[in-house]
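Student: If it helps, the file is called structure00.txt and holds compact mmCIF, C-alpha atoms:
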```
# COMPACT_ATOMS: atom_id res chain seq x y z
CA PRO D 1 -17.54 -15.03 20.86
CA ARG D 2 -16.86 -16.76 17.57
CA LEU D 3 -19.65 -17.30 15.08
CA LEU D 4 -21.16 -20.76 14.92
CA ARG D 5 -19.67 -22.54 11.92
CA LEU D 6 -22.14 -24.51 9.85
CA LEU D 7 -20.95 -26.41 6.82
CA VAL D 8 -23.53 -26.13 4.07
CA ALA D 9 -23.14 -26.89 0.38
CA ALA D 10 -23.90 -23.52 -1.21
CA PRO D 11 -21.98 -22.96 -4.44
CA LEU D 12 -22.20 -19.47 -5.95
CA LEU D 13 -22.96 -19.99 -9.64
CA ALA D 14 -21.46 -17.29 -11.83
CA ALA D 15 -20.46 -17.10 -15.47
CA ALA D 16 -16.69 -17.44 -15.73
CA LEU D 17 -14.59 -15.46 -18.17
CA PRO D 18 -13.13 -17.49 -21.05
CA GLY D 19 -10.07 -19.29 -19.82
CA ASP D 20 -10.97 -18.97 -16.15
CA ALA D 21 -10.14 -22.21 -14.37
CA VAL D 22 -11.45 -21.56 -10.88
CA ALA D 23 -13.98 -23.39 -8.77
CA ALA D 24 -17.37 -21.75 -8.21
CA GLU D 25 -17.19 -22.20 -4.46
CA THR D 26 -18.49 -19.82 -1.86
CA ILE D 27 -17.81 -19.06 1.77
CA GLY D 28 -20.04 -16.59 3.53
CA VAL D 29 -22.13 -15.41 6.44
CA SER D 30 -25.86 -15.48 5.77
CA SER D 31 -28.25 -12.67 6.60
CA ASP D 32 -29.55 -14.69 9.57
CA GLY D 33 -26.05 -14.87 11.06
CA ARG D 34 -25.12 -18.40 10.02
CA GLU D 35 -21.82 -19.14 8.33
CA PHE D 36 -21.85 -21.42 5.29
CA HIS D 37 -18.98 -23.02 3.40
CA GLY D 38 -18.29 -24.53 0.03
CA ARG D 39 -14.99 -26.35 -0.51
CA PRO D 40 -12.24 -24.29 1.16
CA SER D 41 -9.22 -23.80 -1.06
CA GLY D 42 -6.22 -21.55 -1.44
CA LYS D 43 -3.81 -20.09 1.06
CA ARG D 44 -5.17 -18.09 3.99
CA MET D 45 -3.92 -14.53 3.59
CA VAL D 46 -5.05 -11.89 6.04
CA PRO D 47 -3.34 -8.49 5.73
CA GLY D 48 -2.72 -6.59 8.93
CA PHE D 49 -5.60 -4.52 10.24
CA VAL D 50 -5.73 -1.71 12.70
CA GLY D 51 -8.42 0.00 14.72
CA LEU D 52 -8.98 3.17 16.65
CA ALA D 53 -11.09 3.08 19.80
CA GLY D 54 -13.13 6.11 20.71
CA ARG D 55 -12.84 7.77 24.10
CA ASP D 56 -16.58 8.09 24.50
CA GLY D 57 -17.37 4.39 24.08
CA GLY D 58 -19.30 2.35 26.59
CA PRO D 59 -21.18 -0.91 26.97
CA ASN D 60 -23.55 -1.74 24.14
CA ASP D 61 -27.21 -0.82 24.53
CA ASP D 62 -30.13 -2.82 23.23
CA LEU D 63 -31.55 0.20 21.40
CA ALA D 64 -30.27 3.25 19.57
CA ASP D 65 -28.54 5.96 21.58
CA LEU D 66 -30.68 8.66 19.98
CA LYS D 67 -34.42 8.13 19.69
CA ALA D 68 -36.39 7.91 16.46
CA VAL D 69 -37.79 11.43 16.49
CA PRO D 70 -38.22 13.98 13.66
CA GLU D 71 -35.39 16.47 13.38
CA SER D 72 -35.72 20.23 13.47
CA ALA D 73 -35.06 22.46 10.47
CA GLY D 74 -31.82 23.58 12.13
CA GLU D 75 -30.60 20.01 12.55
CA LEU D 76 -31.44 19.20 8.94
CA TRP D 77 -29.59 22.28 7.72
CA ARG D 78 -26.50 21.28 9.71
CA LEU D 79 -26.59 17.84 8.10
CA TRP D 80 -27.20 19.27 4.64
CA ARG D 81 -23.95 21.24 4.90
CA LEU D 82 -21.92 18.06 5.31
CA ARG D 83 -19.95 17.14 2.20
CA PRO D 84 -20.10 13.65 0.67
CA ALA D 85 -16.92 11.71 1.39
CA THR D 86 -15.03 10.61 -1.72
CA GLY D 87 -11.97 8.47 -2.25
CA PRO D 88 -8.65 9.90 -3.45
CA ILE D 89 -9.57 9.18 -7.08
CA GLY D 90 -12.72 8.66 -9.11
CA ARG D 91 -15.85 10.30 -7.78
CA GLU D 92 -18.93 8.10 -7.96
CA SER D 93 -20.68 8.57 -11.28
CA VAL D 94 -23.98 8.48 -13.14
CA ILE D 95 -23.23 6.57 -16.34
CA GLY D 96 -25.73 7.47 -19.05
CA PRO D 97 -29.35 8.05 -17.93
CA ASP D 98 -29.75 8.08 -14.16
CA ASP D 99 -31.53 4.81 -13.30
CA ARG D 100 -31.54 5.18 -9.53
CA LYS D 101 -34.88 4.73 -7.79
CA ARG D 102 -35.85 6.10 -4.42
CA VAL D 103 -36.52 3.57 -1.68
CA ARG D 104 -40.00 4.50 -0.47
CA ASP D 105 -40.04 2.42 2.71
CA THR D 106 -36.68 2.28 4.44
CA THR D 107 -38.12 0.34 7.39
CA VAL D 108 -38.34 -2.79 5.21
CA TYR D 109 -35.34 -5.12 5.11
CA PRO D 110 -32.76 -4.95 3.55
CA HIS D 111 -33.11 -1.16 3.26
CA SER D 112 -33.50 -0.92 7.03
CA ALA D 113 -29.93 -2.30 7.30
CA VAL D 114 -28.45 0.39 4.99
CA VAL D 115 -27.17 3.28 7.10
CA LEU D 116 -26.34 6.95 6.67
CA ILE D 117 -23.02 7.79 8.33
CA THR D 118 -22.12 11.35 9.33
CA PHE D 119 -18.77 12.37 10.82
CA GLU D 120 -16.82 15.60 11.14
CA ASP D 121 -17.88 17.56 8.02
CA GLN D 122 -18.61 14.52 5.84
CA ARG D 123 -21.15 11.76 5.16
CA CYS D 124 -21.02 8.21 3.80
CA THR D 125 -23.11 5.05 3.48
CA GLY D 126 -22.66 1.76 5.32
CA TRP D 127 -24.51 -1.50 6.02
CA MET D 128 -25.10 -3.61 9.09
CA ILE D 129 -23.11 -6.87 9.21
CA SER D 130 -23.93 -7.69 12.83
CA ARG D 131 -26.03 -6.30 15.65
CA ASP D 132 -23.37 -3.65 16.39
CA THR D 133 -21.02 -3.57 13.36
CA VAL D 134 -21.27 -1.52 10.17
CA ALA D 135 -19.22 -2.21 7.02
CA THR D 136 -18.21 0.81 4.93
CA ALA D 137 -15.43 2.22 2.74
CA GLY D 138 -11.99 2.73 4.25
CA HIS D 139 -12.05 6.42 3.35
CA CYS D 140 -15.13 6.79 5.56
CA VAL D 141 -13.03 5.99 8.67
CA HIS D 142 -9.46 6.98 7.70
CA SER D 143 -8.19 9.41 5.07
CA GLY D 144 -5.71 6.80 3.75
CA GLY D 145 -1.95 6.42 3.32
CA PRO D 146 1.01 7.13 5.60
CA ARG D 147 0.05 10.80 5.96
CA GLY D 148 -3.61 10.01 6.54
CA ARG D 149 -5.48 10.15 9.82
CA TRP D 150 -8.38 8.55 11.62
CA PHE D 151 -11.50 10.67 11.75
CA ARG D 152 -12.77 11.64 15.21
CA THR D 153 -14.71 8.72 16.64
CA ALA D 154 -16.83 11.01 18.81
CA SER D 155 -18.12 12.84 15.72
CA TYR D 156 -19.88 9.79 14.23
CA ARG D 157 -23.62 9.29 14.00
CA ILE D 158 -24.97 6.15 12.30
CA MET D 159 -28.62 6.25 11.19
CA PRO D 160 -30.13 3.03 9.79
CA GLY D 161 -32.92 3.44 7.24
CA ARG D 162 -32.75 7.22 7.30
CA ASP D 163 -35.47 8.82 5.13
CA GLY D 164 -35.22 12.57 4.76
CA GLY D 165 -36.02 14.11 8.14
CA ARG D 166 -37.03 10.76 9.66
CA ARG D 167 -34.79 8.41 11.65
CA PRO D 168 -37.07 5.37 11.98
CA PHE D 169 -34.51 3.46 14.07
CA GLY D 170 -32.89 6.42 15.77
CA ALA D 171 -29.11 6.86 15.66
CA CYS D 172 -26.04 5.23 17.18
CA ARG D 173 -22.56 6.46 18.01
CA ALA D 174 -19.22 4.88 17.11
CA ARG D 175 -17.08 2.99 19.62
CA THR D 176 -14.23 1.78 17.35
CA LEU D 177 -13.16 2.47 13.76
CA TYR D 178 -11.45 -0.26 11.73
CA SER D 179 -9.56 -0.53 8.47
CA ASN D 180 -6.58 -2.46 7.11
CA THR D 181 -2.95 -1.55 6.57
CA GLY D 182 -3.33 -1.72 2.78
CA TRP D 183 -5.47 1.41 3.17
CA THR D 184 -4.16 3.13 6.31
CA GLU D 185 -0.45 2.70 5.49
CA LYS D 186 -0.41 2.51 1.68
CA GLY D 187 -3.65 4.19 0.61
CA ARG D 188 -4.34 1.56 -2.06
CA PRO D 189 -7.87 1.83 -3.53
CA ALA D 190 -8.18 -1.97 -3.79
CA PHE D 191 -7.99 -2.07 0.04
CA ASP D 192 -10.41 0.82 0.62
CA TYR D 193 -12.73 -0.87 3.12
CA GLY D 194 -13.37 -0.62 6.84
CA ALA D 195 -15.93 -0.96 9.59
CA ILE D 196 -17.44 0.81 12.57
CA LYS D 197 -18.25 -0.81 15.91
CA LEU D 198 -21.29 0.85 17.45
CA THR D 199 -22.20 1.69 21.03
CA CYS D 200 -25.61 0.08 20.53
CA SER D 201 -27.00 -3.14 19.05
CA ILE D 202 -29.42 -1.62 16.53
CA GLY D 203 -28.83 -4.50 14.08
CA THR D 204 -31.22 -6.62 16.15
CA ARG D 205 -33.99 -4.32 14.91
CA THR D 206 -32.82 -3.50 11.38
CA GLY D 207 -31.59 -6.93 10.30
CA THR D 208 -28.12 -7.52 8.87
CA PHE D 209 -26.61 -8.23 5.46
CA GLY D 210 -25.01 -11.52 4.63
CA PHE D 211 -21.63 -11.39 2.87
CA ALA D 212 -19.63 -13.94 0.91
CA TRP D 213 -16.56 -14.49 -1.20
CA THR D 214 -15.75 -16.71 -4.16
CA PRO D 215 -12.54 -16.98 -6.23
CA GLY D 216 -14.61 -17.37 -9.42
CA SER D 217 -15.76 -14.74 -11.88
CA LEU D 218 -18.94 -12.89 -10.92
CA ASN D 219 -19.51 -11.47 -14.39
CA GLY D 220 -23.20 -11.27 -15.25
CA THR D 221 -24.35 -11.38 -11.62
CA GLU D 222 -27.22 -8.91 -11.12
CA VAL D 223 -26.34 -6.67 -8.18
CA HIS D 224 -27.89 -3.73 -6.38
CA VAL D 225 -26.18 -0.70 -4.86
CA ALA D 226 -28.27 1.05 -2.18
CA GLY D 227 -27.15 4.15 -0.35
CA TYR D 228 -27.42 7.84 0.39
CA PRO D 229 -26.45 10.11 -2.55
CA GLY D 230 -25.21 13.48 -1.37
CA GLU D 231 -27.61 15.48 -3.53
CA ARG D 232 -30.75 13.54 -2.50
CA ARG D 233 -31.37 15.09 0.94
CA PHE D 234 -30.74 12.03 3.11
CA THR D 235 -33.10 9.74 1.20
CA GLN D 236 -32.06 6.24 0.19
CA TRP D 237 -31.72 5.31 -3.49
CA ILE D 238 -31.00 2.03 -5.30
CA SER D 239 -29.54 1.14 -8.69
CA SER D 240 -29.41 -2.33 -10.27
CA GLY D 241 -27.36 -3.92 -13.02
CA PRO D 242 -24.89 -6.71 -13.81
CA ILE D 243 -21.29 -7.02 -12.76
CA GLU D 244 -19.38 -6.47 -15.99
CA LEU D 245 -15.83 -7.26 -14.95
CA SER D 246 -14.28 -9.22 -12.08
CA HIS D 247 -10.78 -8.49 -10.85
CA LYS D 248 -9.02 -10.21 -7.97
CA ARG D 249 -9.78 -7.37 -5.54
CA GLU D 250 -12.36 -5.27 -7.39
CA LEU D 251 -15.74 -5.64 -9.08
CA PHE D 252 -16.87 -3.31 -11.90
CA TYR D 253 -20.46 -2.32 -12.76
CA LYS D 254 -22.45 0.55 -14.26
CA ASN D 255 -24.92 0.96 -11.42
CA ASP D 256 -25.38 4.71 -10.98
CA THR D 257 -23.99 6.32 -7.83
CA THR D 258 -22.97 9.79 -6.66
CA GLY D 259 -20.92 11.18 -3.78
CA GLY D 260 -22.21 10.07 -0.40
CA GLN D 261 -22.72 6.47 -1.52
CA SER D 262 -19.15 5.49 -0.67
CA GLY D 263 -19.33 2.41 1.54
CA ALA D 264 -22.66 1.19 0.13
CA PRO D 265 -23.28 -2.56 -0.18
CA VAL D 266 -23.00 -4.16 -3.62
CA TYR D 267 -25.34 -7.07 -3.07
CA ALA D 268 -27.42 -9.85 -4.62
CA GLU D 269 -29.82 -12.57 -3.50
CA ARG D 270 -27.86 -15.80 -2.98
CA LYS D 271 -28.91 -19.25 -1.81
CA GLY D 272 -27.53 -19.92 1.65
CA CYS D 273 -26.51 -16.28 2.09
CA GLY D 274 -29.83 -14.46 1.65
CA VAL D 275 -29.31 -10.76 0.93
CA CYS D 276 -25.62 -11.11 0.28
CA ALA D 277 -22.96 -8.40 -0.16
CA LEU D 278 -20.22 -9.16 -2.68
CA ALA D 279 -18.34 -5.84 -2.57
CA VAL D 280 -18.06 -2.47 -0.82
CA HIS D 281 -18.81 0.37 -3.24
CA ALA D 282 -16.06 2.99 -3.27
CA TYR D 283 -15.24 4.64 -6.62
CA GLY D 284 -16.51 6.16 -9.87
CA LEU D 285 -14.90 6.94 -13.22
CA PHE D 286 -11.21 7.84 -13.55
CA GLY D 287 -8.07 6.97 -15.48
CA ARG D 288 -7.92 4.23 -18.08
CA PRO D 289 -10.14 1.21 -18.89
CA PRO D 290 -11.85 -0.35 -17.10
CA TYR D 291 -11.77 2.42 -14.48
CA ASN D 292 -12.95 5.14 -16.87
CA ARG D 293 -16.02 3.13 -17.92
CA HIS D 294 -17.35 1.68 -14.69
CA ASN D 295 -18.12 2.42 -11.09
CA HIS D 296 -16.47 -0.14 -8.87
CA GLY D 297 -16.07 -1.47 -5.38
CA VAL D 298 -13.66 -3.45 -3.25
CA ARG D 299 -14.45 -7.12 -3.72
CA ILE D 300 -15.10 -9.27 -0.68
CA THR D 301 -12.20 -11.69 -0.91
CA ARG D 302 -11.34 -14.33 1.63
CA GLU D 303 -9.17 -11.89 3.56
CA VAL D 304 -11.87 -9.19 3.59
CA PHE D 305 -14.38 -11.82 4.71
CA GLU D 306 -12.13 -12.91 7.57
CA GLN D 307 -11.49 -9.35 8.67
CA PHE D 308 -15.23 -8.66 8.78
CA GLN D 309 -15.58 -11.71 11.02
CA GLN D 310 -12.79 -10.50 13.29
CA TRP D 311 -14.34 -7.04 13.59
CA ILE D 312 -17.77 -8.53 14.32
CA ALA D 313 -16.25 -10.62 17.12
CA ASP D 314 -14.27 -7.73 18.62
```
Would you put the structure from the file into structure tokens?

Tutor:
Amino acid sequence: PRLLRLLVAAPLLAAALPGDAVAAETIGVSSDGREFHGRPSGKRMVPGFVGLAGRDGGPNDDLADLKAVPESAGELWRLWRLRPATGPIGRESVIGPDDRKRVRDTTVYPHSAVVLITFEDQRCTGWMISRDTVATAGHCVHSGGPRGRWFRTASYRIMPGRDGGRRPFGACRARTLYSNTGWTEKGRPAFDYGAIKLTCSIGTRTGTFGFAWTPGSLNGTEVHVAGYPGERRFTQWISSGPIELSHKRELFYKNDTTGGQSGAPVYAERKGCGVCALAVHAYGLFGRPPYNRHNHGVRITREVFEQFQQWIAD
């Protein structure tokens, strides 16, 4: 079923770069599931997307597949041996003093809607965008490029609000993995985003993130990156700071991250959208400016926004 479309005047106010001549309009899905619109403009461009359905999928449950019980020392050790997933370039980085803070209560929204993802021998971060859909980095579902591969759907476990040895909402399995051809066929970092359709509807308990796009500059917007750093033993950490540079498909910031936080939400509080994701975190420092001075994520553009909607409706 398609989402109910509500037209609401909700401009996203952001400081534009000198010479920018773009409208500060916003289109998004709010954290309570409503869609809101500013003034639509520009050509609709949706790149091709592909998905891989798991063989172990089934009808969605109302609750998590795996109950919210403490894990044994053996189970924790198996998880600890998983390596943080990283993109093909630029590991996530701590820039200067580490300003990340541990989230002490992961049962409180929006931290309840941030998820730890484990699969094969790796782990990532993701965030609920519907009752049964998780947004994440493309390299957390597919290794990228023409020689890449989909990871095994049956190996996935998604744990919202994980806190050390506790799974307060239990865990879900994956039914379908999604990404786009810019990542799966070309391996382009600016298209490094994807999603996971779950076999359960845990988002009804955790809450979901809103997400939005705007063609304007987002420079100066205070954002948060919350996720599961690989060295922090499955606890959730958050870092805050301003967006320093806005590109067409990428946003740059100095929020501290390390491996395992790939796929984390880059989000802010926005009128009409609530807790609102503006990008999918994916990369750390590499190469030349601005890439060697900032962590960055794939910006939610109109096409990313529309693909998220399509994956939610699938």

Student: I'd like a table as a tab-separated table: residues in stretch 229-311 of chain D with an atom no more than 12 Å from stretch 181-185 of chain D, each row giving the shortest atom pair and its distance in Å to one decimal, all atoms listed in the file counted, sorted by chain and rising residue number.

Tutor:
```
residue	atom	partner	partner_atom	distance
D:Arg249	CA	D:Gly182	CA	11.9
D:Val298	CA	D:Trp183	CA	11.5
D:Glu303	CA	D:Gly182	CA	11.8
D:Val304	CA	D:Gly182	CA	11.4
D:Gln307	CA	D:Thr181	CA	11.8
```

Student: Given 6 Å on each side, where is the centre and what are the edge lengths in Å to one decimal of the axis-aligned box enclosing the listed atoms of stretch 215-229 of chain D, as lines of an AutoDock Vina configuration file?

Tutor:
```
center_x = -20.4
center_y = -3.6
center_z = -7.4
size_x = 27.7
size_y = 39.5
size_z = 27.6
```

Student: Applying 9 Å and only C-alpha atoms, which residues near D:Cys140 remain after dropping the ones on its own chain fewer than 6 positions away? List them as a list of chain:residue names.

Tutor: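 Returned residues: D:Ala85, D:Thr86, D:Gly87, D:Ile117, D:Phe119, D:Gln122, D:Arg123, D:Cys124, D:Thr125, D:Phe151, D:Tyr193, D:Gly194, D:Ala195, D:Ser262, D:Gly263.
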
Student: Could you state the separation of atom CA of D:Asp256 and atom CA of D:Arg288 in Å, given to one decimal place?

Tutor: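 Separation between atom CA of D:Asp256 and atom CA of D:Arg288: 18.9 Å.
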
Student: Could you check the closest approach to D:Tyr283 for each of D:Val141, D:Ile312, D:Leu251, D:Ile129 and tell me which residue wins, using only C-alpha atoms?

Tutor: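 Once distances to D:Tyr283 are computed over only C-alpha atoms, the minimum belongs to D:Leu251.
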
Student: Just checking: using only C-alpha atoms, which residue out of D:Lys197, D:Arg131, D:Arg104, D:Arg302 ends up closest to D:Thr153?

Tutor: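 Of D:Lys197, D:Arg131, D:Arg104, D:Arg302, the one nearest D:Thr153, counting only C-alpha atoms, is D:Lys197.
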
Student: Any idea what the distance is between atom CA of D:Pro146 and atom CA of D:Arg173?

Tutor: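 Pair atom CA of D:Pro146 / atom CA of D:Arg173 returns 26.6 Å.
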
Student: Counting only C-alpha atoms, select every polymer residue within 12 Å of (-20.3, -7.9, -12.3) as defined in the file's coordinates, and provide the selection as a PyMOL selection string.

Tutor: chain D and resi 14-17+216-225+240-247+250-255+266-268+278-279+294-297+299

Student: Rank nothing, just name the residue among D:Ala313, D:Val115, D:Ile300, D:Val275 nearest to D:Ile202, using only C-alpha atoms.

Tutor: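 Using only C-alpha atoms, the shortest distance to D:Ile202 belongs to D:Val115.
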
Student: Measuring between only C-alpha atoms, which one of D:Thr208, D:Ser143, D:Thr133, D:Thr176 shows the shortest distance to D:Cys273?

Tutor: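 Closest candidate: D:Thr208.
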
Student: Suppose you want the space between atom CA of D:Arg205 and atom CA of D:Thr107; what is it in Å?

Tutor: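 Distance between the two atoms: 9.8 Å.
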
Student: Select, from D:Pro160, D:Pro168, D:Gly145, D:Pro289, the residue with the minimum atom-to-atom distance to D:Ser201, counting all atoms listed in the file.

Tutor: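 Ranking D:Pro160, D:Pro168, D:Gly145, D:Pro289 by distance to D:Ser201, first place goes to D:Pro160.
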
Student: Provide stretch 245-265 of chain D rebuilt to N, CA and C atoms, formatted as a tab-separated table (two decimals), in the coordinates of the input.

Tutor:
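The file below, out-v5.tsv, is the result:
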```
chain	number	residue	atom	x	y	z
D	245	LEU	N	-17.22	-6.82	-14.95
D	245	LEU	CA	-15.83	-7.26	-14.95
D	245	LEU	C	-15.42	-7.61	-13.53
D	246	SER	N	-14.73	-8.75	-13.38
D	246	SER	CA	-14.28	-9.22	-12.08
D	246	SER	C	-12.76	-9.23	-12.02
D	247	HIS	N	-12.21	-8.43	-11.14
D	247	HIS	CA	-10.78	-8.49	-10.85
D	247	HIS	C	-10.58	-9.19	-9.50
D	248	LYS	N	-9.32	-9.49	-9.20
D	248	LYS	CA	-9.02	-10.21	-7.97
D	248	LYS	C	-9.54	-9.47	-6.75
D	249	ARG	N	-9.40	-8.15	-6.71
D	249	ARG	CA	-9.78	-7.37	-5.54
D	249	ARG	C	-10.85	-6.33	-5.82
D	250	GLU	N	-11.39	-6.28	-7.04
D	250	GLU	CA	-12.36	-5.27	-7.39
D	250	GLU	C	-13.45	-5.85	-8.29
D	251	LEU	N	-14.65	-5.30	-8.18
D	251	LEU	CA	-15.74	-5.64	-9.08
D	251	LEU	C	-16.21	-4.37	-9.77
D	252	PHE	N	-16.53	-4.46	-11.08
D	252	PHE	CA	-16.87	-3.31	-11.90
D	252	PHE	C	-18.31	-3.44	-12.41
D	253	TYR	N	-19.03	-2.33	-12.38
D	253	TYR	CA	-20.46	-2.32	-12.76
D	253	TYR	C	-20.82	-0.91	-13.20
D	254	LYS	N	-22.00	-0.76	-13.81
D	254	LYS	CA	-22.45	0.55	-14.26
D	254	LYS	C	-23.66	1.03	-13.48
D	255	ASN	N	-23.88	0.45	-12.31
D	255	ASN	CA	-24.92	0.96	-11.42
D	255	ASN	C	-24.61	2.42	-11.10
D	256	ASP	N	-25.59	3.29	-11.19
D	256	ASP	CA	-25.38	4.71	-10.98
D	256	ASP	C	-25.22	5.03	-9.50
D	257	THR	N	-24.23	5.86	-9.19
D	257	THR	CA	-23.99	6.32	-7.83
D	257	THR	C	-23.47	7.75	-7.89
D	258	THR	N	-23.60	8.48	-6.79
D	258	THR	CA	-22.97	9.79	-6.66
D	258	THR	C	-22.37	9.91	-5.27
D	259	GLY	N	-21.61	10.99	-5.04
D	259	GLY	CA	-20.92	11.18	-3.78
D	259	GLY	C	-21.85	11.05	-2.59
D	260	GLY	N	-21.39	10.38	-1.56
D	260	GLY	CA	-22.21	10.07	-0.40
D	260	GLY	C	-22.54	8.59	-0.33
D	261	GLN	N	-22.44	7.91	-1.49
D	261	GLN	CA	-22.72	6.47	-1.52
D	261	GLN	C	-21.48	5.62	-1.29
D	262	SER	N	-20.34	6.26	-1.04
D	262	SER	CA	-19.15	5.49	-0.67
D	262	SER	C	-19.47	4.61	0.53
D	263	GLY	N	-19.08	3.35	0.45
D	263	GLY	CA	-19.33	2.41	1.54
D	263	GLY	C	-20.61	1.62	1.39
D	264	ALA	N	-21.40	1.89	0.33
D	264	ALA	CA	-22.66	1.19	0.13
D	264	ALA	C	-22.44	-0.29	-0.18
D	265	PRO	N	-23.41	-1.14	0.16
D	265	PRO	CA	-23.28	-2.56	-0.18
D	265	PRO	C	-23.55	-2.79	-1.66
```
